[in-house]
$ cat run.txt   # compact mmCIF, N, CA and C atoms
# COMPACT_ATOMS: atom_id res chain seq x y z
N MET W 12 0.32 6.12 -13.66
CA MET W 12 0.99 4.99 -13.05
C MET W 12 0.33 4.70 -11.70
N ILE W 13 0.23 3.43 -11.38
CA ILE W 13 -0.32 2.97 -10.11
C ILE W 13 0.78 2.23 -9.36
N ILE W 14 1.03 2.66 -8.13
CA ILE W 14 2.05 2.05 -7.28
C ILE W 14 1.38 1.55 -6.01
N SER W 15 1.57 0.29 -5.68
CA SER W 15 1.00 -0.27 -4.45
C SER W 15 2.12 -0.62 -3.48
N VAL W 16 1.96 -0.17 -2.24
CA VAL W 16 2.88 -0.52 -1.17
C VAL W 16 2.09 -1.41 -0.22
N VAL W 17 2.50 -2.66 -0.10
CA VAL W 17 1.69 -3.64 0.63
C VAL W 17 2.58 -4.64 1.36
N ASN W 18 2.12 -5.09 2.50
CA ASN W 18 2.69 -6.21 3.22
C ASN W 18 1.73 -6.54 4.35
N LYS W 19 1.49 -7.81 4.60
CA LYS W 19 0.59 -8.21 5.68
C LYS W 19 1.16 -7.86 7.04
N LYS W 20 2.47 -7.69 7.13
CA LYS W 20 3.12 -7.35 8.39
C LYS W 20 3.03 -5.85 8.62
N GLY W 21 2.53 -5.46 9.77
CA GLY W 21 2.51 -4.05 10.14
C GLY W 21 3.86 -3.62 10.68
N GLY W 22 4.09 -2.32 10.69
CA GLY W 22 5.30 -1.77 11.29
C GLY W 22 6.56 -1.91 10.47
N VAL W 23 6.42 -2.13 9.16
CA VAL W 23 7.61 -2.27 8.31
C VAL W 23 7.87 -1.01 7.48
N GLY W 24 7.11 0.05 7.73
CA GLY W 24 7.36 1.32 7.05
C GLY W 24 6.54 1.56 5.80
N LYS W 25 5.42 0.86 5.65
CA LYS W 25 4.61 1.04 4.44
C LYS W 25 4.13 2.48 4.29
N THR W 26 3.56 3.04 5.36
CA THR W 26 2.97 4.37 5.27
C THR W 26 4.01 5.45 4.99
N PRO W 27 5.12 5.53 5.73
CA PRO W 27 6.11 6.56 5.41
C PRO W 27 6.68 6.40 3.99
N PHE W 28 6.87 5.15 3.58
CA PHE W 28 7.41 4.90 2.25
C PHE W 28 6.41 5.35 1.18
N ALA W 29 5.14 4.97 1.33
CA ALA W 29 4.10 5.35 0.37
C ALA W 29 3.94 6.87 0.33
N PHE W 30 3.94 7.51 1.50
CA PHE W 30 3.82 8.96 1.55
C PHE W 30 4.98 9.63 0.81
N SER W 31 6.19 9.18 1.05
CA SER W 31 7.36 9.79 0.40
C SER W 31 7.28 9.68 -1.12
N ILE W 32 6.89 8.52 -1.60
CA ILE W 32 6.77 8.33 -3.06
C ILE W 32 5.69 9.25 -3.62
N ALA W 33 4.52 9.26 -2.99
CA ALA W 33 3.41 10.09 -3.48
C ALA W 33 3.80 11.56 -3.48
N LYS W 34 4.42 12.02 -2.42
CA LYS W 34 4.81 13.43 -2.31
C LYS W 34 5.85 13.77 -3.38
N ASP W 35 6.86 12.93 -3.54
CA ASP W 35 7.92 13.19 -4.52
C ASP W 35 7.38 13.22 -5.95
N LEU W 36 6.43 12.33 -6.26
CA LEU W 36 5.87 12.26 -7.61
C LEU W 36 4.66 13.16 -7.80
N GLU W 37 4.22 13.80 -6.70
CA GLU W 37 3.00 14.62 -6.70
C GLU W 37 1.78 13.79 -7.12
N TYR W 38 1.73 12.55 -6.64
CA TYR W 38 0.63 11.63 -6.90
C TYR W 38 -0.39 11.70 -5.77
N PHE W 39 -1.55 11.14 -6.04
CA PHE W 39 -2.54 10.95 -4.99
C PHE W 39 -2.06 9.81 -4.10
N LEU W 40 -2.60 9.75 -2.88
CA LEU W 40 -2.25 8.70 -1.93
C LEU W 40 -3.54 8.19 -1.31
N GLN W 41 -3.77 6.88 -1.41
CA GLN W 41 -4.95 6.28 -0.80
C GLN W 41 -4.52 5.16 0.14
N SER W 42 -5.28 5.02 1.23
CA SER W 42 -5.03 3.95 2.18
C SER W 42 -6.35 3.35 2.64
N ASN W 43 -6.31 2.09 3.00
CA ASN W 43 -7.49 1.42 3.57
C ASN W 43 -7.30 1.20 5.07
N ASP W 44 -6.31 1.86 5.64
CA ASP W 44 -5.98 1.67 7.05
C ASP W 44 -5.88 3.04 7.72
N ASN W 45 -6.29 3.11 8.98
CA ASN W 45 -6.20 4.37 9.71
C ASN W 45 -4.75 4.81 9.82
N SER W 46 -4.49 6.06 9.44
CA SER W 46 -3.15 6.62 9.55
C SER W 46 -3.27 8.14 9.53
N ILE W 47 -2.15 8.81 9.53
CA ILE W 47 -2.15 10.27 9.56
C ILE W 47 -2.04 10.89 8.16
N ILE W 48 -2.18 10.10 7.12
CA ILE W 48 -1.91 10.63 5.78
C ILE W 48 -2.80 11.80 5.39
N GLU W 49 -4.05 11.81 5.84
CA GLU W 49 -4.94 12.92 5.48
C GLU W 49 -4.52 14.22 6.17
N LYS W 50 -3.86 14.10 7.30
CA LYS W 50 -3.40 15.29 8.01
C LYS W 50 -2.10 15.83 7.42
N ILE W 51 -1.20 14.94 7.02
CA ILE W 51 0.10 15.40 6.52
C ILE W 51 0.11 15.65 5.01
N TYR W 52 -0.90 15.20 4.30
CA TYR W 52 -0.97 15.37 2.84
C TYR W 52 -2.42 15.64 2.46
N PRO W 53 -3.05 16.67 3.07
CA PRO W 53 -4.50 16.86 2.93
C PRO W 53 -4.98 17.11 1.50
N GLU W 54 -4.13 17.67 0.67
CA GLU W 54 -4.58 17.99 -0.68
C GLU W 54 -4.70 16.78 -1.60
N LYS W 55 -4.05 15.66 -1.26
CA LYS W 55 -4.08 14.52 -2.17
C LYS W 55 -4.25 13.16 -1.50
N ALA W 56 -4.40 13.12 -0.19
CA ALA W 56 -4.49 11.83 0.51
C ALA W 56 -5.91 11.55 0.97
N LYS W 57 -6.27 10.28 0.93
CA LYS W 57 -7.61 9.85 1.34
C LYS W 57 -7.54 8.47 1.97
N ILE W 58 -8.28 8.31 3.08
CA ILE W 58 -8.44 6.99 3.69
C ILE W 58 -9.83 6.51 3.33
N LEU W 59 -9.89 5.36 2.67
CA LEU W 59 -11.17 4.78 2.23
C LEU W 59 -11.20 3.31 2.61
N PRO W 60 -12.32 2.81 3.13
CA PRO W 60 -12.40 1.37 3.45
C PRO W 60 -12.15 0.51 2.22
N THR W 61 -12.65 0.96 1.09
CA THR W 61 -12.40 0.29 -0.19
C THR W 61 -11.81 1.32 -1.14
N PRO W 62 -10.49 1.34 -1.29
CA PRO W 62 -9.87 2.33 -2.17
C PRO W 62 -10.38 2.23 -3.60
N LYS W 63 -10.41 3.38 -4.26
CA LYS W 63 -10.84 3.45 -5.65
C LYS W 63 -9.61 3.48 -6.56
N LYS W 64 -9.68 2.74 -7.66
CA LYS W 64 -8.56 2.71 -8.60
C LYS W 64 -8.55 3.99 -9.42
N ILE W 65 -7.46 4.73 -9.32
CA ILE W 65 -7.27 5.94 -10.12
C ILE W 65 -5.82 5.97 -10.61
N ASP W 66 -5.58 6.71 -11.67
CA ASP W 66 -4.22 6.86 -12.18
C ASP W 66 -3.44 7.84 -11.31
N ASN W 67 -2.13 7.75 -11.42
CA ASN W 67 -1.23 8.63 -10.67
C ASN W 67 -1.52 8.58 -9.18
N CYS W 68 -1.51 7.36 -8.66
CA CYS W 68 -1.84 7.15 -7.25
C CYS W 68 -0.90 6.12 -6.64
N VAL W 69 -0.54 6.40 -5.39
CA VAL W 69 0.19 5.43 -4.58
C VAL W 69 -0.79 4.89 -3.56
N TYR W 70 -0.85 3.58 -3.44
CA TYR W 70 -1.75 2.93 -2.49
C TYR W 70 -0.95 2.39 -1.32
N ASP W 71 -1.36 2.77 -0.13
CA ASP W 71 -0.75 2.31 1.11
C ASP W 71 -1.73 1.33 1.75
N PHE W 72 -1.54 0.04 1.48
CA PHE W 72 -2.48 -0.95 1.97
C PHE W 72 -2.06 -1.47 3.33
N GLY W 73 -3.03 -1.48 4.27
CA GLY W 73 -2.78 -1.95 5.63
C GLY W 73 -2.37 -3.41 5.65
N GLY W 74 -2.12 -3.90 6.83
CA GLY W 74 -1.61 -5.25 7.00
C GLY W 74 -2.63 -6.35 6.77
N PHE W 75 -3.58 -6.11 5.90
CA PHE W 75 -4.60 -7.09 5.56
C PHE W 75 -4.92 -6.93 4.08
N VAL W 76 -5.25 -8.01 3.42
CA VAL W 76 -5.51 -7.96 1.98
C VAL W 76 -6.95 -8.41 1.74
N GLU W 77 -7.72 -7.56 1.06
CA GLU W 77 -9.11 -7.86 0.74
C GLU W 77 -9.26 -7.91 -0.77
N LYS W 78 -10.41 -8.39 -1.23
CA LYS W 78 -10.66 -8.58 -2.66
C LYS W 78 -10.41 -7.30 -3.47
N GLY W 79 -11.00 -6.18 -3.08
CA GLY W 79 -10.81 -4.94 -3.83
C GLY W 79 -9.36 -4.51 -3.85
N VAL W 80 -8.66 -4.77 -2.76
CA VAL W 80 -7.24 -4.44 -2.66
C VAL W 80 -6.45 -5.30 -3.64
N LEU W 81 -6.73 -6.58 -3.69
CA LEU W 81 -6.03 -7.47 -4.62
C LEU W 81 -6.22 -7.04 -6.06
N ASP W 82 -7.41 -6.59 -6.41
CA ASP W 82 -7.67 -6.13 -7.78
C ASP W 82 -6.76 -4.96 -8.13
N ILE W 83 -6.64 -4.00 -7.23
CA ILE W 83 -5.77 -2.84 -7.49
C ILE W 83 -4.31 -3.27 -7.54
N ILE W 84 -3.90 -4.13 -6.63
CA ILE W 84 -2.51 -4.59 -6.62
C ILE W 84 -2.17 -5.26 -7.95
N LYS W 85 -3.06 -6.12 -8.44
CA LYS W 85 -2.79 -6.84 -9.69
C LYS W 85 -2.75 -5.92 -10.91
N GLU W 86 -3.38 -4.74 -10.81
CA GLU W 86 -3.35 -3.78 -11.92
C GLU W 86 -2.27 -2.72 -11.74
N SER W 87 -1.50 -2.83 -10.68
CA SER W 87 -0.45 -1.84 -10.41
C SER W 87 0.71 -1.97 -11.38
N ASN W 88 1.30 -0.83 -11.71
CA ASN W 88 2.50 -0.83 -12.53
C ASN W 88 3.73 -1.25 -11.71
N LYS W 89 3.71 -0.88 -10.44
CA LYS W 89 4.79 -1.24 -9.52
C LYS W 89 4.18 -1.70 -8.20
N ILE W 90 4.76 -2.75 -7.63
CA ILE W 90 4.34 -3.25 -6.31
C ILE W 90 5.58 -3.26 -5.43
N ILE W 91 5.47 -2.58 -4.30
CA ILE W 91 6.58 -2.50 -3.35
C ILE W 91 6.15 -3.22 -2.08
N ILE W 92 6.97 -4.17 -1.63
CA ILE W 92 6.66 -4.94 -0.42
C ILE W 92 7.81 -4.73 0.57
N PRO W 93 7.71 -3.69 1.40
CA PRO W 93 8.78 -3.47 2.37
C PRO W 93 8.77 -4.53 3.46
N CYS W 94 9.95 -4.87 3.95
CA CYS W 94 10.02 -5.82 5.06
C CYS W 94 11.27 -5.54 5.87
N THR W 95 11.33 -6.13 7.04
CA THR W 95 12.53 -6.05 7.87
C THR W 95 13.15 -7.44 7.94
N SER W 96 14.31 -7.52 8.55
CA SER W 96 15.05 -8.79 8.51
C SER W 96 14.77 -9.71 9.69
N ASN W 97 13.58 -9.60 10.29
CA ASN W 97 13.27 -10.56 11.35
C ASN W 97 12.34 -11.64 10.79
N TYR W 98 12.29 -12.75 11.50
CA TYR W 98 11.56 -13.93 11.02
C TYR W 98 10.10 -13.63 10.71
N ASN W 99 9.40 -12.97 11.62
CA ASN W 99 7.97 -12.69 11.43
C ASN W 99 7.74 -11.81 10.20
N SER W 100 8.58 -10.81 10.00
CA SER W 100 8.44 -9.94 8.84
C SER W 100 8.66 -10.72 7.54
N LEU W 101 9.68 -11.57 7.52
CA LEU W 101 9.94 -12.37 6.32
C LEU W 101 8.80 -13.35 6.05
N LEU W 102 8.26 -13.95 7.11
CA LEU W 102 7.14 -14.87 6.96
C LEU W 102 5.92 -14.15 6.38
N ARG W 103 5.58 -12.98 6.90
CA ARG W 103 4.43 -12.21 6.40
C ARG W 103 4.68 -11.73 4.97
N THR W 104 5.93 -11.42 4.64
CA THR W 104 6.25 -11.02 3.27
C THR W 104 5.99 -12.18 2.31
N LEU W 105 6.40 -13.38 2.68
CA LEU W 105 6.13 -14.56 1.84
C LEU W 105 4.63 -14.80 1.70
N GLU W 106 3.89 -14.64 2.79
CA GLU W 106 2.43 -14.79 2.73
C GLU W 106 1.83 -13.76 1.79
N THR W 107 2.33 -12.53 1.85
CA THR W 107 1.83 -11.47 0.97
C THR W 107 2.11 -11.82 -0.49
N LEU W 108 3.33 -12.26 -0.78
CA LEU W 108 3.67 -12.65 -2.15
C LEU W 108 2.78 -13.77 -2.65
N ASN W 109 2.54 -14.76 -1.81
CA ASN W 109 1.68 -15.88 -2.21
C ASN W 109 0.25 -15.42 -2.45
N GLU W 110 -0.24 -14.54 -1.61
CA GLU W 110 -1.62 -14.06 -1.76
C GLU W 110 -1.78 -13.22 -3.03
N ILE W 111 -0.80 -12.40 -3.32
CA ILE W 111 -0.85 -11.59 -4.54
C ILE W 111 -0.79 -12.48 -5.78
N GLY W 112 0.02 -13.53 -5.71
CA GLY W 112 0.23 -14.40 -6.86
C GLY W 112 -0.90 -15.36 -7.15
N ASN W 113 -1.82 -15.53 -6.21
CA ASN W 113 -2.93 -16.48 -6.39
C ASN W 113 -4.24 -15.74 -6.59
N ASP W 114 -5.06 -16.23 -7.49
CA ASP W 114 -6.38 -15.62 -7.71
C ASP W 114 -7.41 -16.23 -6.80
$ encode --input "run.txt" --output "structure tokens"
Amino acid sequence: MIISVVNKKGGVGKTPFAFSIAKDLEYFLQSNDNSIIEKIYPEKAKILPTPKKIDNCVYDFGGFVEKGVLDIIKESNKIIIPCTSNYNSLLRTLETLNEIGND
């Protein structure tokens, strides 16, 4: 299974959420953004500028969406878009949804 946690808005809890899911499911965890995941989950976490698609992986995508990222998101079994209830977060969430939905 492939799970993507994504939102263009930073600071909405993508990394802690992705880490918790990966740890609970004993999945790999990949991110394209600088974070502490390699330190707190060294046996299965990797930060890569261009993440590689693998099975049994949770992807923690930074607040930016690139072509390789979109490919993985579109092939994900589950897509989680965390947000908060402020205007900027909701706006970025809508932008993320639109970007994922368009080729």
$ residues_around --input "run.txt" --residues "stretch 64-73 of chain W" --least-positions-apart "4" --cutoff "8 Å" --atoms "all atoms listed in the file" --output "PyMOL selection string"
chain W and resi 12-21+25-26+28-30+32-33+36-45+80+82-83
$ select_by_dssp --input "run.txt" --residues "stretch 17-114 of chain W" --states "alpha helix (DSSP H)" --output "number ranges by chain"
W: 25-36, 48-51, 78-85, 98-112
$ select_by_dssp --input "run.txt" --residues "stretch 57-111 of chain W" --states "strand (DSSP E)" --output "PyMOL selection string"
chain W and resi 57-58+68-71+89-91
$ atom_distance --input "run.txt" --atom1 "atom CA of W:Thr107" --atom2 "atom N of W:Asp35"
25.3 Å
$ residues_near_point --input "run.txt" --point "(12.5, -4.0, 9.7)" --cutoff "6.5 Å" --atoms "only N, CA and C atoms" --output "list of chain:residue names"
W:Gly22, W:Val23, W:Cys94, W:Thr95, W:Ser96, W:Asn97
$ write_last_selection --input "run.txt" --atoms "N, CA and C atoms" --output "PDB file, in the coordinates of the input"
ATOM      1  N   GLY W  22       4.090  -2.320  10.690  1.00  0.00           N
ATOM      2  CA  GLY W  22       5.300  -1.770  11.290  1.00  0.00           C
ATOM      3  C   GLY W  22       6.560  -1.910  10.470  1.00  0.00           C
ATOM      4  N   VAL W  23       6.420  -2.130   9.160  1.00  0.00           N
ATOM      5  CA  VAL W  23       7.610  -2.270   8.310  1.00  0.00           C
ATOM      6  C   VAL W  23       7.870  -1.010   7.480  1.00  0.00           C
ATOM      7  N   CYS W  94       9.950  -4.870   3.950  1.00  0.00           N
ATOM      8  CA  CYS W  94      10.020  -5.820   5.060  1.00  0.00           C
ATOM      9  C   CYS W  94      11.270  -5.540   5.870  1.00  0.00           C
ATOM     10  N   THR W  95      11.330  -6.130   7.040  1.00  0.00           N
ATOM     11  CA  THR W  95      12.530  -6.050   7.870  1.00  0.00           C
ATOM     12  C   THR W  95      13.150  -7.440   7.940  1.00  0.00           C
ATOM     13  N   SER W  96      14.310  -7.520   8.550  1.00  0.00           N
ATOM     14  CA  SER W  96      15.050  -8.790   8.510  1.00  0.00           C
ATOM     15  C   SER W  96      14.770  -9.710   9.690  1.00  0.00           C
ATOM     16  N   ASN W  97      13.580  -9.600  10.290  1.00  0.00           N
ATOM     17  CA  ASN W  97      13.270 -10.560  11.350  1.00  0.00           C
ATOM     18  C   ASN W  97      12.340 -11.640  10.790  1.00  0.00           C
TER      19      ASN W  97
END
$ atom_distance --input "run.txt" --atom1 "atom CA of W:Ile58" --atom2 "atom CA of W:Ser46"
7.9 Å
$ residues_near_point --input "run.txt" --point "(2.7, -11.0, -9.1)" --cutoff "7 Å" --atoms "all atoms listed in the file" --output "JSON, numbers by chain"
{"W": [85, 111, 112]}
$ decode --input "run.txt" --residues "stretch 65-100 of chain W" --atoms "N, CA and C atoms" --output "short mmCIF file (atom, residue, chain, number, x, y, z; two decimals), in the first residue's frame"
data_model
loop_
_atom_site.label_atom_id
_atom_site.label_comp_id
_atom_site.auth_asym_id
_atom_site.auth_seq_id
_atom_site.Cartn_x
_atom_site.Cartn_y
_atom_site.Cartn_z
N ILE W 65 7.82 3.00 -3.90
CA ILE W 65 7.97 1.63 -3.40
C ILE W 65 6.68 1.25 -2.66
N ASP W 66 6.46 -0.04 -2.53
CA ASP W 66 5.29 -0.51 -1.79
C ASP W 66 5.53 -0.39 -0.30
N ASN W 67 4.44 -0.40 0.44
CA ASN W 67 4.48 -0.32 1.90
C ASN W 67 5.27 0.90 2.36
N CYS W 68 4.85 2.05 1.84
CA CYS W 68 5.55 3.30 2.13
C CYS W 68 4.55 4.42 2.38
N VAL W 69 4.91 5.26 3.34
CA VAL W 69 4.18 6.51 3.58
C VAL W 69 5.06 7.63 3.07
N TYR W 70 4.49 8.51 2.27
CA TYR W 70 5.23 9.64 1.71
C TYR W 70 4.80 10.92 2.42
N ASP W 71 5.78 11.63 2.93
CA ASP W 71 5.57 12.92 3.60
C ASP W 71 6.08 13.99 2.65
N PHE W 72 5.17 14.55 1.85
CA PHE W 72 5.58 15.52 0.85
C PHE W 72 5.54 16.93 1.41
N GLY W 73 6.64 17.67 1.21
CA GLY W 73 6.76 19.05 1.69
C GLY W 73 5.71 19.94 1.06
N GLY W 74 5.73 21.19 1.45
CA GLY W 74 4.72 22.14 1.01
C GLY W 74 4.87 22.60 -0.43
N PHE W 75 5.37 21.74 -1.28
CA PHE W 75 5.51 22.04 -2.70
C PHE W 75 5.26 20.75 -3.47
N VAL W 76 4.71 20.87 -4.65
CA VAL W 76 4.37 19.68 -5.44
C VAL W 76 5.15 19.73 -6.74
N GLU W 77 5.89 18.67 -7.02
CA GLU W 77 6.68 18.57 -8.24
C GLU W 77 6.18 17.38 -9.06
N LYS W 78 6.63 17.29 -10.29
CA LYS W 78 6.16 16.25 -11.22
C LYS W 78 6.30 14.84 -10.63
N GLY W 79 7.47 14.47 -10.14
CA GLY W 79 7.66 13.13 -9.58
C GLY W 79 6.76 12.87 -8.39
N VAL W 80 6.53 13.92 -7.61
CA VAL W 80 5.64 13.82 -6.46
C VAL W 80 4.21 13.56 -6.92
N LEU W 81 3.76 14.29 -7.92
CA LEU W 81 2.40 14.10 -8.44
C LEU W 81 2.19 12.68 -8.95
N ASP W 82 3.20 12.11 -9.59
CA ASP W 82 3.09 10.74 -10.08
C ASP W 82 2.84 9.76 -8.93
N ILE W 83 3.59 9.92 -7.85
CA ILE W 83 3.42 9.03 -6.69
C ILE W 83 2.06 9.26 -6.05
N ILE W 84 1.67 10.52 -5.90
CA ILE W 84 0.37 10.83 -5.30
C ILE W 84 -0.76 10.17 -6.09
N LYS W 85 -0.70 10.27 -7.42
CA LYS W 85 -1.76 9.71 -8.26
C LYS W 85 -1.81 8.19 -8.20
N GLU W 86 -0.69 7.54 -7.83
CA GLU W 86 -0.67 6.09 -7.72
C GLU W 86 -0.89 5.61 -6.29
N SER W 87 -1.12 6.54 -5.38
CA SER W 87 -1.31 6.18 -3.97
C SER W 87 -2.65 5.50 -3.75
N ASN W 88 -2.66 4.56 -2.81
CA ASN W 88 -3.90 3.93 -2.40
C ASN W 88 -4.73 4.85 -1.51
N LYS W 89 -4.03 5.65 -0.72
CA LYS W 89 -4.68 6.62 0.17
C LYS W 89 -3.92 7.94 0.08
N ILE W 90 -4.67 9.04 0.06
CA ILE W 90 -4.08 10.38 0.07
C ILE W 90 -4.68 11.12 1.26
N ILE W 91 -3.81 11.62 2.13
CA ILE W 91 -4.25 12.35 3.31
C ILE W 91 -3.78 13.79 3.16
N ILE W 92 -4.71 14.73 3.30
CA ILE W 92 -4.39 16.15 3.17
C ILE W 92 -4.77 16.84 4.48
N PRO W 93 -3.84 16.89 5.44
CA PRO W 93 -4.17 17.54 6.70
C PRO W 93 -4.26 19.05 6.53
N CYS W 94 -5.15 19.67 7.29
CA CYS W 94 -5.24 21.13 7.25
C CYS W 94 -5.74 21.63 8.59
N THR W 95 -5.63 22.92 8.79
CA THR W 95 -6.17 23.55 9.98
C THR W 95 -7.32 24.45 9.55
N SER W 96 -8.02 25.02 10.52
CA SER W 96 -9.24 25.75 10.19
C SER W 96 -9.02 27.25 9.97
N ASN W 97 -7.82 27.63 9.55
CA ASN W 97 -7.65 29.05 9.23
C ASN W 97 -7.70 29.25 7.71
N TYR W 98 -7.95 30.47 7.30
CA TYR W 98 -8.18 30.78 5.89
C TYR W 98 -7.02 30.33 5.00
N ASN W 99 -5.79 30.65 5.37
CA ASN W 99 -4.64 30.31 4.54
C ASN W 99 -4.50 28.79 4.38
N SER W 100 -4.71 28.05 5.45
CA SER W 100 -4.63 26.59 5.38
C SER W 100 -5.70 26.03 4.45
#
